[in-house]
Amino acid sequence: MLQQVSHSVGSNALAVEAVDLVKDFDGTRAVDGVSLAVPPGSIYGLLGPNGAGKTTILRMLIGIIDPSSGNRRVLGRERPLEAAQEVGYLPEERGLYPAMHAREAIAFMGALRGLPIAEGRRRADALLAEHNLGDWAKKPIRTLSKGMAQTVQLLGTIIHKPRLIVLDEPFAGLDAINQGRLEELIRRETRAGVTVLFSTHVIAHAERLCESVAIIAKGKVAFDGRVDDARAKLSSIVRLRTRASDGPWRSAFPAGARREGDEWVFELPAAGPEPLLKALIDGGAGIETLAIERPGLHDAFVAIAGSAAAAAMGQEKAQ
Amino acid sequence: MMRFLRSAFVIARRDFGATVLSKTFIFFLIGPLFPLLLGGVFGGIGARVATQTVRPTVAIITESKSFTAIATARERLAAATSDDTVIRVIRYDPEPDLAAQQKRLLASRNPPIQAVLTGWYGSFHLSGDIHKGDPTERQLELILRSAEMGMFPGPPVHVQPTKRMSPASLVKDRALTAQLGEMLLFFLTILLSGMLLSQLIEEKSNKIIEVIAAAVPIDALFVGKLFAMLAASVVGILVWLSAGTLVIELVKSGGVQTLPAPAVGWPGFLVLSVLYFAMSYLLLGAAFLTIGAQAATVREVQTMSMPITFGQVLIFGLASTAVGSPNSATAIGAAIFPLSSPMVMLARAAQEPQWWPHVVAIVWQAAWVALILHIGASMFRKTVLKSGPRRRWWSRKSVA
């Protein structure tokens with residue numbers, strides 16, 4: 001039986017729930033005790049470098065492969081394929097039948113999820129027209145550009161109006177314009193009440209889109225919760241420049257404050273900046289500039305997953 | 001269950017359409033027609049040439065009235081023997097110089113005349129490239145005797161047809177039907193089910209397997225592919241049968257009607273032929289799909305083809321042992337072994353009239369189709385769909 005996951009949202013209301021998922025491949029543990037709780041109607045990101053286990057987690061969640069141990073529940077069903085008609089899935093490695101026409105490919109993907117083929121064709125025509133691909137509806141997939149084919153596959157993922165959309169590295173291979181369109185599509189689906197679960201190794205996408213993230217490192221969940229909570233794990237950074245260069249007021253800086261050029265850099269004290277500012281002004285330091293930087297998800301990721309994982313993701317992003 | 005069937009139908013519809021509507025399907029259809037067509041054409045030409053070569057011509061120098069009786073007798077003999085090798089006879093009016101006429105006729109090349117007949121009943125004279133006891137001479141003798149009797153017709157022979165043949169000839173003839181049915185089933189299956197070896201290569205190479213596996217059970221994928229190819233094969237068979245029937249009708253009258261009737265009767269035999277072809281295709285196809293699903297490339301599929309074809313021949317050999325003795329231990333064993341079962345049972349239908357063994361066999365075979373498909377789908381899930389290092393079924397190692 002599925003155990004209760006420790007999360008603020010009740011188990012019954014969760015769109016996706018996983019408890020202690022483990023997956024071994026020929027003696028190698030790819031996923032190690034992953035527990036997740038994805039609230040309905042949310043945008044939830046699996047964040048981590050390549051090889052962290054994101055794709056394997058997604059495959060287990062939607063039922064392509066079974067876990068070695070652990071349980072998962074998708075839209076209230078313990079056997080994910082039973083919920084297949086309410087789920088849309090875009091795999092990391094895109095794939096369509098090259099000889100199939102674009103509208104047929106979309107309708108076929110809908111039919112796989114229980115949508116009648118005639119209705120699928122009708123919706124495919126409308127969606128293709130909406131995405132400026134109406135002229136390509138009756139052209140074979142092999143004649144489409146890579147970006148067009150990706151759009152066709154994405155449309156096939158949502159043709160049957162799923163309640164849960166699972167996207168594995170959806171931004172990979174898309175140019176900036178198409179990335180923006182995809183982000184907008186994800187937001188639009190979420191506004192309609194759809195839950196979106198996606199994996200990415202690009203922190204910026206997760207930061208822009210997600211309400212909650214799970215940071216995956218070496219097959220384990222290093223963090224699971226709201227993006228704000230991840231940021232809150234780090235203190236804000238204060239950058240302050242004084243008019244005077246030295247004086248007894250320096251003793252007012254918190255322990256750990258350091259000089260970077262003309263600036264003093266330190267973590268925001270728990271009591272806030274006011275007591276420090278008062279001490280500096282009273283001591284005659286004078287305040288030339290003051291900036292309080294809220295930590296980003298990248299900083300939180302470095303703190304949570306480690307600098308090595310962050311460096312790996314940076315390299316992937318550069319590629 | 002409905003969802004499972006619907007999923008299988010979606011896969012089957014896609015595969016059937018992609019196969020039948022492709023340009024290559026035309027080649028698939030016309031491929032076997034070439035040997036059939038060439039066989040028909042050359043068979044027809046050969047038959048004509050053989051007839052012309054084998055059938056000698058005898059020139060008969062006589063009056064028209066006398067010749068009518070001879071010609072009628074010749075036709076009676078040809079009809080009775082159902083054989084076109086009966087000598088041809090051509091009449092020539094007597095000329096004043098009979099010797100010169102004979103010499104000229106024997107030298108004729110169009111038509112080439114083997115011998116010349118002169119004289120009247122009781123005193124015929126045959127000359128030419130012929131000797132005593134020659135088949136031409138014997139046939140001519142029969143014709144002339146028949147012609148003579150034709151002037152004084154004897155009592156008609158009353159025919160009373162009986163339904164049963166003699167037991168010995170019945171068993172022998174039905175064994176022929178059994179053997180032909182078994183061979184036809186074997187060749188159709190070996191020709192058609194091999195396609196299933198490469199059926200999952202497309203999905204795997206296009207990466208669409210992920211989309212399908214996330215939406216439908218792998219078992220449904222296997223069932224859909226299997227039935228799609230069965231349907232495509234049936235389309236092919238219908239085309240080939242139509243063409244084959246046409247060629248047979250063109251080349252030779254009689255055709256399948258001349259085959260001995262099977263024990264269950266022709267309608268029942270044809271129904272069972274369809275069912276056993278389907279079962280044979282599904283059984284071997286399920287096995288091929290299972291094996292082929294493990295292959296990652298076309299090269300691997302090609303490597304697998306030879307041993308698999310050899311295995312099919314062995315299965316045919318096993319099934320052949322049952323012909324002629326359908327109740328022997330070997331025959332029953334071959335009927336129980338699922339892969340040879342359809343062929344053996346079709347042969348049994350030709351030889352034994354009972355129906356209940358066929359009901360049992362079809363249920364048994366269907367259960368094996370389901371079992372092989374299930375094993376194939378499980379293997380596919382375990383060895384292909386997983387990420388990380390692949391484990392092939394032929395190099396499986398136990399993991400502690």
# chains A, B, ... in the order shown; residues from 1 in each chain; ligands from 1

$ residues_around --residues "segment 301-307 of chain B" --least-positions-apart "6" --cutoff "12 Å" --atoms "only C-alpha atoms" --output "PyMOL selection string"
chain B and resi 190-191+193-201+288-295+313-314+394

$ residues_around --residues "Arg77 of chain A" --least-positions-apart "4" --cutoff "10 Å" --atoms "only C-alpha atoms" --output "list in words"
Ala15, Val16, Glu17, Arg72, Arg73, Leu81, Glu82 and Ala83 of chain A

$ interface_residues --of "chain A" --to "chain B" --cutoff "7 Å" --atoms "only C-alpha atoms" --output "PDB file with N, CA and C atoms, in the first residue's frame"
ATOM      1  N   PHE A  25      19.493  -1.040 -12.294  1.00  0.00           N
ATOM      2  CA  PHE A  25      19.765  -1.570 -13.630  1.00  0.00           C
ATOM      3  C   PHE A  25      21.033  -2.398 -13.574  1.00  0.00           C
ATOM      4  N   ASP A  26      20.858  -3.691 -13.689  1.00  0.00           N
ATOM      5  CA  ASP A  26      22.019  -4.592 -13.667  1.00  0.00           C
ATOM      6  C   ASP A  26      22.960  -4.290 -12.503  1.00  0.00           C
ATOM      7  N   GLY A  27      22.371  -4.147 -11.352  1.00  0.00           N
ATOM      8  CA  GLY A  27      23.176  -3.955 -10.150  1.00  0.00           C
ATOM      9  C   GLY A  27      23.539  -2.511  -9.866  1.00  0.00           C
ATOM     10  N   ILE A  62       5.043   7.206 -14.970  1.00  0.00           N
ATOM     11  CA  ILE A  62       3.971   7.032 -15.958  1.00  0.00           C
ATOM     12  C   ILE A  62       3.805   5.586 -16.387  1.00  0.00           C
ATOM     13  N   GLY A  63       4.609   4.690 -15.830  1.00  0.00           N
ATOM     14  CA  GLY A  63       4.355   3.264 -16.035  1.00  0.00           C
ATOM     15  C   GLY A  63       5.080   2.619 -17.196  1.00  0.00           C
ATOM     16  N   ILE A  64       6.044   3.323 -17.803  1.00  0.00           N
ATOM     17  CA  ILE A  64       6.808   2.667 -18.874  1.00  0.00           C
ATOM     18  C   ILE A  64       7.646   1.543 -18.279  1.00  0.00           C
ATOM     19  N   ILE A  65       8.224   1.807 -17.125  1.00  0.00           N
ATOM     20  CA  ILE A  65       8.969   0.753 -16.432  1.00  0.00           C
ATOM     21  C   ILE A  65       8.461   0.678 -14.996  1.00  0.00           C
ATOM     22  N   LEU A  81      -0.681   3.045 -15.950  1.00  0.00           N
ATOM     23  CA  LEU A  81      -1.291   2.887 -17.279  1.00  0.00           C
ATOM     24  C   LEU A  81      -2.814   2.971 -17.228  1.00  0.00           C
ATOM     25  N   ALA A  84      -3.688   6.321 -18.153  1.00  0.00           N
ATOM     26  CA  ALA A  84      -3.026   6.763 -19.398  1.00  0.00           C
ATOM     27  C   ALA A  84      -3.888   7.700 -20.230  1.00  0.00           C
ATOM     28  N   TYR A  89       2.339  12.581 -22.480  1.00  0.00           N
ATOM     29  CA  TYR A  89       3.764  12.385 -22.194  1.00  0.00           C
ATOM     30  C   TYR A  89       4.602  12.740 -23.409  1.00  0.00           C
ATOM     31  N   PRO A  91       8.375  12.403 -24.488  1.00  0.00           N
ATOM     32  CA  PRO A  91       9.665  11.846 -24.057  1.00  0.00           C
ATOM     33  C   PRO A  91      10.840  12.730 -24.447  1.00  0.00           C
ATOM     34  N   GLU A  93      13.612  11.744 -25.931  1.00  0.00           N
ATOM     35  CA  GLU A  93      13.988  11.430 -27.302  1.00  0.00           C
ATOM     36  C   GLU A  93      12.717  11.442 -28.141  1.00  0.00           C
ATOM     37  N   ARG A  94      12.546  12.500 -28.922  1.00  0.00           N
ATOM     38  CA  ARG A  94      11.322  12.658 -29.693  1.00  0.00           C
ATOM     39  C   ARG A  94      11.236  11.581 -30.770  1.00  0.00           C
ATOM     40  N   GLY A  95      10.031  11.157 -31.049  1.00  0.00           N
ATOM     41  CA  GLY A  95       9.887  10.129 -32.069  1.00  0.00           C
ATOM     42  C   GLY A  95       8.512  10.124 -32.704  1.00  0.00           C
ATOM     43  N   LEU A  96       8.480  10.123 -34.025  1.00  0.00           N
ATOM     44  CA  LEU A  96       7.227  10.033 -34.784  1.00  0.00           C
ATOM     45  C   LEU A  96       7.478   9.112 -35.978  1.00  0.00           C
ATOM     46  N   TYR A  97       6.402   8.564 -36.530  1.00  0.00           N
ATOM     47  CA  TYR A  97       6.553   7.762 -37.746  1.00  0.00           C
ATOM     48  C   TYR A  97       6.829   8.714 -38.909  1.00  0.00           C
ATOM     49  N   ALA A 111      -5.409   8.806 -30.285  1.00  0.00           N
ATOM     50  CA  ALA A 111      -6.090   7.499 -30.282  1.00  0.00           C
ATOM     51  C   ALA A 111      -5.446   6.550 -29.285  1.00  0.00           C
ATOM     52  N   LEU A 112      -4.117   6.634 -29.168  1.00  0.00           N
ATOM     53  CA  LEU A 112      -3.425   5.793 -28.184  1.00  0.00           C
ATOM     54  C   LEU A 112      -3.948   6.073 -26.774  1.00  0.00           C
ATOM     55  N   ARG A 113      -4.401   7.319 -26.586  1.00  0.00           N
ATOM     56  CA  ARG A 113      -4.905   7.718 -25.265  1.00  0.00           C
ATOM     57  C   ARG A 113      -6.430   7.685 -25.214  1.00  0.00           C
TER      58      ARG A 113
END

$ residues_around --residues "Thr19 of chain B" --least-positions-apart "4" --cutoff "12 Å" --atoms "only C-alpha atoms" --output "ChimeraX atom specification"
/A:99-100 /B:12-15,23-29,195-196,199,225,228-233,235-236

$ select_by_dssp --residues "segment 99-289 of chain A" --states "helix (DSSP H, G or I)" --output "VMD selection string"
chain A and resid 102 to 112 117 to 130 134 to 136 141 to 143 146 to 158 176 to 191 203 to 209 227 to 232 248 to 252 274 to 282
